[in-house]
file final_1.txt (compact mmCIF, C-alpha atoms)
# COMPACT_ATOMS: atom_id res chain seq x y z
CA MET A 31 173.66 192.44 -92.42
CA SER A 32 175.62 189.74 -90.63
CA THR A 33 175.17 186.07 -91.45
CA ARG A 34 176.87 185.06 -88.20
CA THR A 35 175.39 182.08 -86.38
CA PRO A 36 173.90 183.12 -83.01
CA GLY A 37 176.17 182.28 -80.10
CA THR A 38 179.41 182.26 -82.12
CA GLU A 39 182.34 184.28 -80.85
CA ILE A 40 182.98 187.72 -82.26
CA GLN A 41 185.80 190.05 -81.40
CA ALA A 42 186.08 193.76 -81.99
CA LEU A 43 189.69 193.44 -83.21
CA ARG A 44 191.76 191.00 -85.18
CA PHE A 45 195.17 191.32 -86.83
CA GLU A 46 195.45 189.54 -90.15
CA ASP A 47 197.37 189.89 -93.40
CA GLY A 48 199.49 192.73 -92.01
CA ALA A 49 196.54 194.92 -90.97
CA LEU A 50 194.36 195.52 -87.95
CA MET A 51 190.71 194.78 -88.64
CA VAL A 52 188.40 196.88 -86.44
CA LEU A 53 184.71 196.15 -86.06
CA ASP A 54 183.10 199.55 -86.63
CA GLN A 55 180.94 199.84 -83.54
CA ARG A 56 179.32 202.99 -84.92
CA ALA A 57 177.52 200.80 -87.47
CA LEU A 58 176.08 198.40 -84.92
CA PRO A 59 173.48 196.95 -84.62
CA GLU A 60 172.30 197.71 -88.16
CA ALA A 61 175.42 196.40 -89.90
CA GLU A 62 178.59 194.45 -89.26
CA ARG A 63 181.23 196.58 -90.96
CA TRP A 64 184.98 196.05 -90.63
CA ILE A 65 187.61 198.77 -91.10
CA ARG A 66 190.98 197.66 -92.44
CA CYS A 67 193.75 199.64 -90.71
CA GLU A 68 197.05 199.51 -92.58
CA THR A 69 198.67 202.50 -90.88
CA VAL A 70 199.01 203.97 -87.42
CA ASP A 71 196.90 206.92 -88.65
CA ASP A 72 194.09 204.50 -89.54
CA VAL A 73 194.16 203.00 -86.03
CA ALA A 74 194.30 206.44 -84.41
CA ASP A 75 191.28 207.50 -86.46
CA CYS A 76 189.32 204.42 -85.31
CA ILE A 77 190.08 205.20 -81.68
CA ARG A 78 189.40 208.94 -82.01
CA THR A 79 186.08 208.49 -83.85
CA LEU A 80 184.77 205.73 -81.55
CA ALA A 81 184.83 202.95 -84.12
CA VAL A 82 186.54 201.01 -81.31
CA ARG A 83 185.10 201.46 -77.81
CA GLY A 84 185.81 200.24 -74.32
CA ALA A 85 189.02 200.76 -72.37
CA PRO A 86 190.50 197.28 -72.88
CA ALA A 87 189.67 197.25 -76.62
CA ILE A 88 191.17 200.72 -77.05
CA GLY A 89 194.38 199.55 -75.39
CA LEU A 90 194.54 196.48 -77.60
CA ALA A 91 193.91 198.57 -80.72
CA ALA A 92 196.80 200.84 -79.72
CA ALA A 93 199.08 197.82 -79.22
CA TYR A 94 198.18 196.50 -82.67
CA GLY A 95 198.65 200.03 -84.01
CA MET A 96 202.24 199.93 -82.80
CA VAL A 97 202.78 196.91 -85.05
CA LEU A 98 202.13 199.26 -87.97
CA ALA A 99 204.65 201.89 -86.79
CA ASP A 100 207.22 200.82 -89.40
CA GLY A 101 210.28 202.10 -87.57
CA HIS A 102 208.57 205.21 -86.18
CA GLU A 103 207.57 203.87 -82.77
CA ASP A 104 207.96 207.12 -80.82
CA GLU A 105 205.82 209.10 -83.25
CA ALA A 106 203.26 206.29 -83.41
CA ALA A 107 203.01 206.09 -79.61
CA GLU A 108 202.60 209.87 -79.38
CA LEU A 109 199.84 209.88 -82.01
CA LEU A 110 197.98 206.95 -80.48
CA ARG A 111 198.27 208.38 -76.96
CA SER A 112 196.82 211.69 -78.19
CA THR A 113 193.60 210.01 -79.36
CA ARG A 114 192.48 209.47 -75.75
CA PRO A 115 194.98 211.18 -73.41
CA THR A 116 193.27 209.93 -70.22
CA ALA A 117 192.85 206.30 -71.35
CA VAL A 118 194.81 204.20 -68.87
CA ASN A 119 194.63 200.95 -70.89
CA LEU A 120 195.86 202.76 -74.01
CA ALA A 121 198.92 204.25 -72.28
CA TRP A 122 199.66 200.95 -70.53
CA ALA A 123 199.50 198.98 -73.80
CA LEU A 124 201.80 201.46 -75.52
CA GLU A 125 204.34 201.06 -72.72
CA GLN A 126 204.14 197.26 -73.05
CA CYS A 127 205.02 197.59 -76.75
CA ARG A 128 207.81 200.13 -76.33
CA GLY A 129 211.17 198.59 -77.19
CA ALA A 130 209.78 195.17 -78.02
CA THR A 131 211.56 193.31 -80.79
CA ASP A 132 208.33 191.57 -81.83
CA VAL A 133 205.49 194.04 -81.26
CA LEU A 134 202.92 191.76 -82.89
CA ALA A 135 203.77 189.02 -80.40
CA VAL A 136 203.33 191.52 -77.55
CA ALA A 137 199.97 192.74 -78.92
CA ARG A 138 198.72 189.19 -79.34
CA ARG A 139 199.89 188.29 -75.82
CA LEU A 140 198.06 191.31 -74.40
CA HIS A 141 194.94 190.25 -76.31
CA ARG A 142 195.12 186.69 -74.93
CA GLU A 143 195.79 187.96 -71.41
CA GLN A 144 192.82 190.34 -71.59
CA ASP A 145 190.53 187.54 -72.71
CA LYS A 146 191.84 185.31 -69.91
CA ALA A 147 191.33 188.09 -67.33
CA ASP A 148 187.81 188.75 -68.68
CA ARG A 149 186.90 185.08 -68.32
CA ARG A 150 188.34 184.84 -64.81
CA LEU A 151 186.49 187.98 -63.72
CA ALA A 152 183.29 186.68 -65.34
CA GLY A 153 183.52 183.38 -63.51
CA LEU A 154 184.17 185.02 -60.15
CA GLY A 155 181.30 187.44 -60.68
CA ALA A 156 178.89 184.75 -61.86
CA ASP A 157 179.61 182.78 -58.69
CA LEU A 158 177.93 185.62 -56.74
CA PHE A 159 174.63 185.11 -58.58
CA GLU A 160 171.93 182.88 -57.20
CA SER A 161 169.55 180.93 -59.39
CA GLY A 162 166.87 183.24 -60.78
CA THR A 163 168.88 186.45 -60.42
CA ARG A 164 167.76 189.39 -62.55
CA ALA A 165 170.13 192.20 -63.51
CA LEU A 166 170.19 195.66 -65.08
CA THR A 167 173.15 196.93 -67.09
CA HIS A 168 173.86 200.12 -68.97
CA CYS A 169 177.55 200.04 -69.74
CA ASN A 170 179.64 199.01 -72.74
CA ALA A 171 181.52 196.23 -70.97
CA GLY A 172 180.72 193.25 -73.14
CA ALA A 173 182.86 191.30 -75.56
CA LEU A 174 183.22 194.16 -78.05
CA ALA A 175 184.64 196.50 -75.41
CA THR A 176 187.32 194.13 -74.14
CA GLY A 177 189.43 191.22 -75.28
CA GLY A 178 186.58 189.07 -76.49
CA PHE A 179 184.49 187.91 -73.50
CA GLY A 180 183.60 191.02 -71.55
CA THR A 181 184.01 192.36 -68.05
CA ALA A 182 180.64 193.31 -66.53
CA GLY A 183 178.94 191.92 -69.63
CA GLY A 184 181.08 188.82 -69.26
CA VAL A 185 179.79 188.31 -65.72
CA LEU A 186 176.22 188.38 -67.04
CA ARG A 187 177.16 186.03 -69.86
CA ALA A 188 178.85 183.55 -67.50
CA ALA A 189 175.94 183.72 -65.05
CA TRP A 190 173.50 183.06 -67.92
CA GLU A 191 175.57 180.14 -69.22
CA SER A 192 175.67 178.61 -65.72
CA GLY A 193 171.88 178.91 -65.34
CA ARG A 194 171.98 181.47 -62.54
CA LEU A 195 170.72 184.50 -64.45
CA ALA A 196 167.03 184.59 -65.30
CA GLU A 197 166.72 187.99 -66.98
CA VAL A 198 168.75 191.05 -67.99
CA TRP A 199 167.48 194.53 -68.71
CA VAL A 200 169.72 196.65 -70.93
CA ASP A 201 168.98 200.36 -70.98

call {"tool": "encode", "arguments": {"input": "final_1.txt", "output": "structure tokens"}}
result
Amino acid sequence: MSTRTPGTEIQALRFEDGALMVLDQRALPEAERWIRCETVDDVADCIRTLAVRGAPAIGLAAAYGMVLADGHEDEAAELLRSTRPTAVNLAWALEQCRGATDVLAVARRLHREQDKADRRLAGLGADLFESGTRALTHCNAGALATGGFGTAGGVLRAAWESGRLAEVWVD
């Protein structure tokens, strides 16, 4: 069980000590369990088995996976791409990493840019809410599915924080 303080930031992915740490979303909400990925195969397994979910998060996981390619970038990209062949964010992130001299810097930049885009989208969306708005959501588009703030979930979060959102139903 998590001892995290309510309202603190949590991200689905973080790269530390030479490994990608993936929040195992299959364990939620009962447990907060982290998977340490030290190889491209580990990252591919997390994507394939839905430990990481949400298009932006999957793309970021693939980018961090490329950091672990250890001189075998083409094979790593092929393996990662095969985990979700139709995932646009995944393929895009792999292309961003291809040929980079510092893949970790690219992956971290993509992560920052995704978070920035999430927050911008959230602010623009929240501006459309009027005081007392109620909403219904049923998608995995919160912080754990993206770069740390959320897309559709981020809009609800920003609207709540600005006092415009009165209630949310999650099915």

call {"tool": "closest_residue", "arguments": {"input": "final_1.txt", "among": "A:Trp190, A:Phe45, A:Trp64, A:Phe159", "to": "A:Val97", "atoms": "all atoms listed in the file"}}
result
A:Phe45

call {"tool": "closest_residue", "arguments": {"input": "final_1.txt", "among": "A:Gly180, A:Val70, A:Leu166, A:Ala175", "to": "A:Ala147", "atoms": "all atoms listed in the file"}}
result
A:Gly180

call {"tool": "closest_residue", "arguments": {"input": "final_1.txt", "among": "A:Thr131, A:Ser161, A:Thr167, A:Thr79", "to": "A:Leu195", "atoms": "all atoms listed in the file"}}
result
A:Ser161

call {"tool": "closest_residue", "arguments": {"input": "final_1.txt", "among": "A:Ala106, A:Leu174, A:Val133, A:Ala121", "to": "A:Gln55", "atoms": "all atoms listed in the file"}}
result
A:Leu174

call {"tool": "axis_aligned_box", "arguments": {"input": "final_1.txt", "around": "stretch 47-52 of chain A", "padding_each_side": "5 Å", "output": "JSON"}}
result
{"center_x": 193.9, "center_y": 193.4, "center_z": -89.9, "size_x": 21.1, "size_y": 17.0, "size_z": 17.0}

call {"tool": "atom_distance", "arguments": {"input": "final_1.txt", "atom1": "atom CA of A:Arg66", "atom2": "atom CA of A:Gly89"}}
result
17.5 Å

call {"tool": "closest_residue", "arguments": {"input": "final_1.txt", "among": "A:Thr176, A:Thr69, A:Ser112, A:Gln126", "to": "A:Gln144", "atoms": "all atoms listed in the file"}}
result
A:Thr176

call {"tool": "closest_residue", "arguments": {"input": "final_1.txt", "among": "A:Arg149, A:Arg78, A:Arg63, A:Arg128", "to": "A:His102", "atoms": "all atoms listed in the file"}}
result
A:Arg128

call {"tool": "atom_distance", "arguments": {"input": "final_1.txt", "atom1": "atom CA of A:Val52", "atom2": "atom CA of A:Leu134"}}
result
15.8 Å

call {"tool": "atom_distance", "arguments": {"input": "final_1.txt", "atom1": "atom CA of A:Trp122", "atom2": "atom CA of A:Asp54"}}
result
23.1 Å

call {"tool": "residues_near_point", "arguments": {"input": "final_1.txt", "point": "(193.7, 194.8, -87.8)", "cutoff": "9 Å", "atoms": "all atoms listed in the file", "output": "PyMOL selection string"}}
result
chain A and resi 43-52+65-68+73+91+94-95

call {"tool": "residues_near_point", "arguments": {"input": "final_1.txt", "point": "(169.7, 197.1, -69.7)", "cutoff": "8 Å", "atoms": "only C-alpha atoms", "output": "JSON, numbers by chain"}}
result
{"A": [165, 166, 167, 168, 198, 199, 200, 201]}

call {"tool": "residues_around", "arguments": {"input": "final_1.txt", "residues": "stretch 151-158 of chain A", "least_positions_apart": "3", "cutoff": "8 Å", "atoms": "all atoms listed in the file", "output": "PDB file with C-alpha atoms, in the coordinates of the input"}}
result
ATOM      1  CA  ALA A 147     191.330 188.090 -67.330  1.00  0.00           C
ATOM      2  CA  ASP A 148     187.810 188.750 -68.680  1.00  0.00           C
ATOM      3  CA  GLY A 180     183.600 191.020 -71.550  1.00  0.00           C
ATOM      4  CA  THR A 181     184.010 192.360 -68.050  1.00  0.00           C
ATOM      5  CA  ALA A 182     180.640 193.310 -66.530  1.00  0.00           C
ATOM      6  CA  GLY A 184     181.080 188.820 -69.260  1.00  0.00           C
ATOM      7  CA  VAL A 185     179.790 188.310 -65.720  1.00  0.00           C
ATOM      8  CA  LEU A 186     176.220 188.380 -67.040  1.00  0.00           C
ATOM      9  CA  ARG A 187     177.160 186.030 -69.860  1.00  0.00           C
ATOM     10  CA  ALA A 188     178.850 183.550 -67.500  1.00  0.00           C
ATOM     11  CA  ALA A 189     175.940 183.720 -65.050  1.00  0.00           C
ATOM     12  CA  SER A 192     175.670 178.610 -65.720  1.00  0.00           C
ATOM     13  CA  ARG A 194     171.980 181.470 -62.540  1.00  0.00           C
TER      14      ARG A 194
END

call {"tool": "build_atoms", "arguments": {"input": "final_1.txt", "residues": "stretch 148-165 of chain A", "atoms": "N, CA, C and O atoms", "output": "PDB file, in the coordinates of the input"}}
result
ATOM      1  N   ASP A 148     189.264 188.586 -68.544  1.00  0.00           N
ATOM      2  CA  ASP A 148     187.810 188.750 -68.680  1.00  0.00           C
ATOM      3  C   ASP A 148     187.091 187.489 -68.202  1.00  0.00           C
ATOM      4  O   ASP A 148     186.109 187.561 -67.450  1.00  0.00           O
ATOM      5  N   ARG A 149     187.560 186.348 -68.653  1.00  0.00           N
ATOM      6  CA  ARG A 149     186.900 185.080 -68.320  1.00  0.00           C
ATOM      7  C   ARG A 149     187.029 184.762 -66.824  1.00  0.00           C
ATOM      8  O   ARG A 149     186.087 184.262 -66.209  1.00  0.00           O
ATOM      9  N   ARG A 150     188.171 185.067 -66.255  1.00  0.00           N
ATOM     10  CA  ARG A 150     188.340 184.840 -64.810  1.00  0.00           C
ATOM     11  C   ARG A 150     187.405 185.746 -64.025  1.00  0.00           C
ATOM     12  O   ARG A 150     186.721 185.301 -63.115  1.00  0.00           O
ATOM     13  N   LEU A 151     187.385 187.023 -64.377  1.00  0.00           N
ATOM     14  CA  LEU A 151     186.490 187.980 -63.720  1.00  0.00           C
ATOM     15  C   LEU A 151     185.036 187.539 -63.868  1.00  0.00           C
ATOM     16  O   LEU A 151     184.261 187.568 -62.898  1.00  0.00           O
ATOM     17  N   ALA A 152     184.668 187.114 -65.067  1.00  0.00           N
ATOM     18  CA  ALA A 152     183.290 186.680 -65.340  1.00  0.00           C
ATOM     19  C   ALA A 152     182.915 185.497 -64.462  1.00  0.00           C
ATOM     20  O   ALA A 152     181.816 185.459 -63.896  1.00  0.00           O
ATOM     21  N   GLY A 153     183.797 184.543 -64.337  1.00  0.00           N
ATOM     22  CA  GLY A 153     183.520 183.380 -63.510  1.00  0.00           C
ATOM     23  C   GLY A 153     183.374 183.739 -62.037  1.00  0.00           C
ATOM     24  O   GLY A 153     182.456 183.267 -61.357  1.00  0.00           O
ATOM     25  N   LEU A 154     184.255 184.591 -61.544  1.00  0.00           N
ATOM     26  CA  LEU A 154     184.170 185.020 -60.150  1.00  0.00           C
ATOM     27  C   LEU A 154     182.882 185.791 -59.896  1.00  0.00           C
ATOM     28  O   LEU A 154     182.215 185.595 -58.876  1.00  0.00           O
ATOM     29  N   GLY A 155     182.531 186.666 -60.827  1.00  0.00           N
ATOM     30  CA  GLY A 155     181.300 187.440 -60.680  1.00  0.00           C
ATOM     31  C   GLY A 155     180.064 186.570 -60.761  1.00  0.00           C
ATOM     32  O   GLY A 155     179.118 186.732 -59.975  1.00  0.00           O
ATOM     33  N   ALA A 156     180.054 185.647 -61.691  1.00  0.00           N
ATOM     34  CA  ALA A 156     178.890 184.750 -61.860  1.00  0.00           C
ATOM     35  C   ALA A 156     178.664 183.902 -60.620  1.00  0.00           C
ATOM     36  O   ALA A 156     177.516 183.578 -60.291  1.00  0.00           O
ATOM     37  N   ASP A 157     179.737 183.572 -59.913  1.00  0.00           N
ATOM     38  CA  ASP A 157     179.610 182.780 -58.690  1.00  0.00           C
ATOM     39  C   ASP A 157     178.800 183.514 -57.611  1.00  0.00           C
ATOM     40  O   ASP A 157     178.268 182.887 -56.700  1.00  0.00           O
ATOM     41  N   LEU A 158     178.685 184.832 -57.724  1.00  0.00           N
ATOM     42  CA  LEU A 158     177.930 185.620 -56.740  1.00  0.00           C
ATOM     43  C   LEU A 158     176.429 185.615 -57.022  1.00  0.00           C
ATOM     44  O   LEU A 158     175.648 186.047 -56.178  1.00  0.00           O
ATOM     45  N   PHE A 159     176.047 185.145 -58.205  1.00  0.00           N
ATOM     46  CA  PHE A 159     174.630 185.110 -58.580  1.00  0.00           C
ATOM     47  C   PHE A 159     173.976 183.865 -58.016  1.00  0.00           C
ATOM     48  O   PHE A 159     174.576 182.800 -57.985  1.00  0.00           O
ATOM     49  N   GLU A 160     172.732 184.025 -57.609  1.00  0.00           N
ATOM     50  CA  GLU A 160     171.930 182.880 -57.200  1.00  0.00           C
ATOM     51  C   GLU A 160     170.984 182.539 -58.337  1.00  0.00           C
ATOM     52  O   GLU A 160     170.693 183.372 -59.193  1.00  0.00           O
ATOM     53  N   SER A 161     170.491 181.349 -58.355  1.00  0.00           N
ATOM     54  CA  SER A 161     169.550 180.930 -59.390  1.00  0.00           C
ATOM     55  C   SER A 161     168.368 181.898 -59.426  1.00  0.00           C
ATOM     56  O   SER A 161     167.832 182.260 -58.381  1.00  0.00           O
ATOM     57  N   GLY A 162     168.007 182.347 -60.621  1.00  0.00           N
ATOM     58  CA  GLY A 162     166.870 183.240 -60.780  1.00  0.00           C
ATOM     59  C   GLY A 162     167.211 184.719 -60.674  1.00  0.00           C
ATOM     60  O   GLY A 162     166.318 185.566 -60.718  1.00  0.00           O
ATOM     61  N   THR A 163     168.474 185.049 -60.529  1.00  0.00           N
ATOM     62  CA  THR A 163     168.880 186.450 -60.420  1.00  0.00           C
ATOM     63  C   THR A 163     168.475 187.223 -61.661  1.00  0.00           C
ATOM     64  O   THR A 163     168.536 186.710 -62.778  1.00  0.00           O
ATOM     65  N   ARG A 164     168.057 188.463 -61.449  1.00  0.00           N
ATOM     66  CA  ARG A 164     167.760 189.390 -62.550  1.00  0.00           C
ATOM     67  C   ARG A 164     168.723 190.557 -62.418  1.00  0.00           C
ATOM     68  O   ARG A 164     169.107 190.927 -61.309  1.00  0.00           O
ATOM     69  N   ALA A 165     169.132 191.138 -63.543  1.00  0.00           N
ATOM     70  CA  ALA A 165     170.130 192.200 -63.510  1.00  0.00           C
ATOM     71  C   ALA A 165     169.768 193.316 -64.475  1.00  0.00           C
ATOM     72  O   ALA A 165     169.025 193.113 -65.441  1.00  0.00           O
TER      73      ALA A 165
END
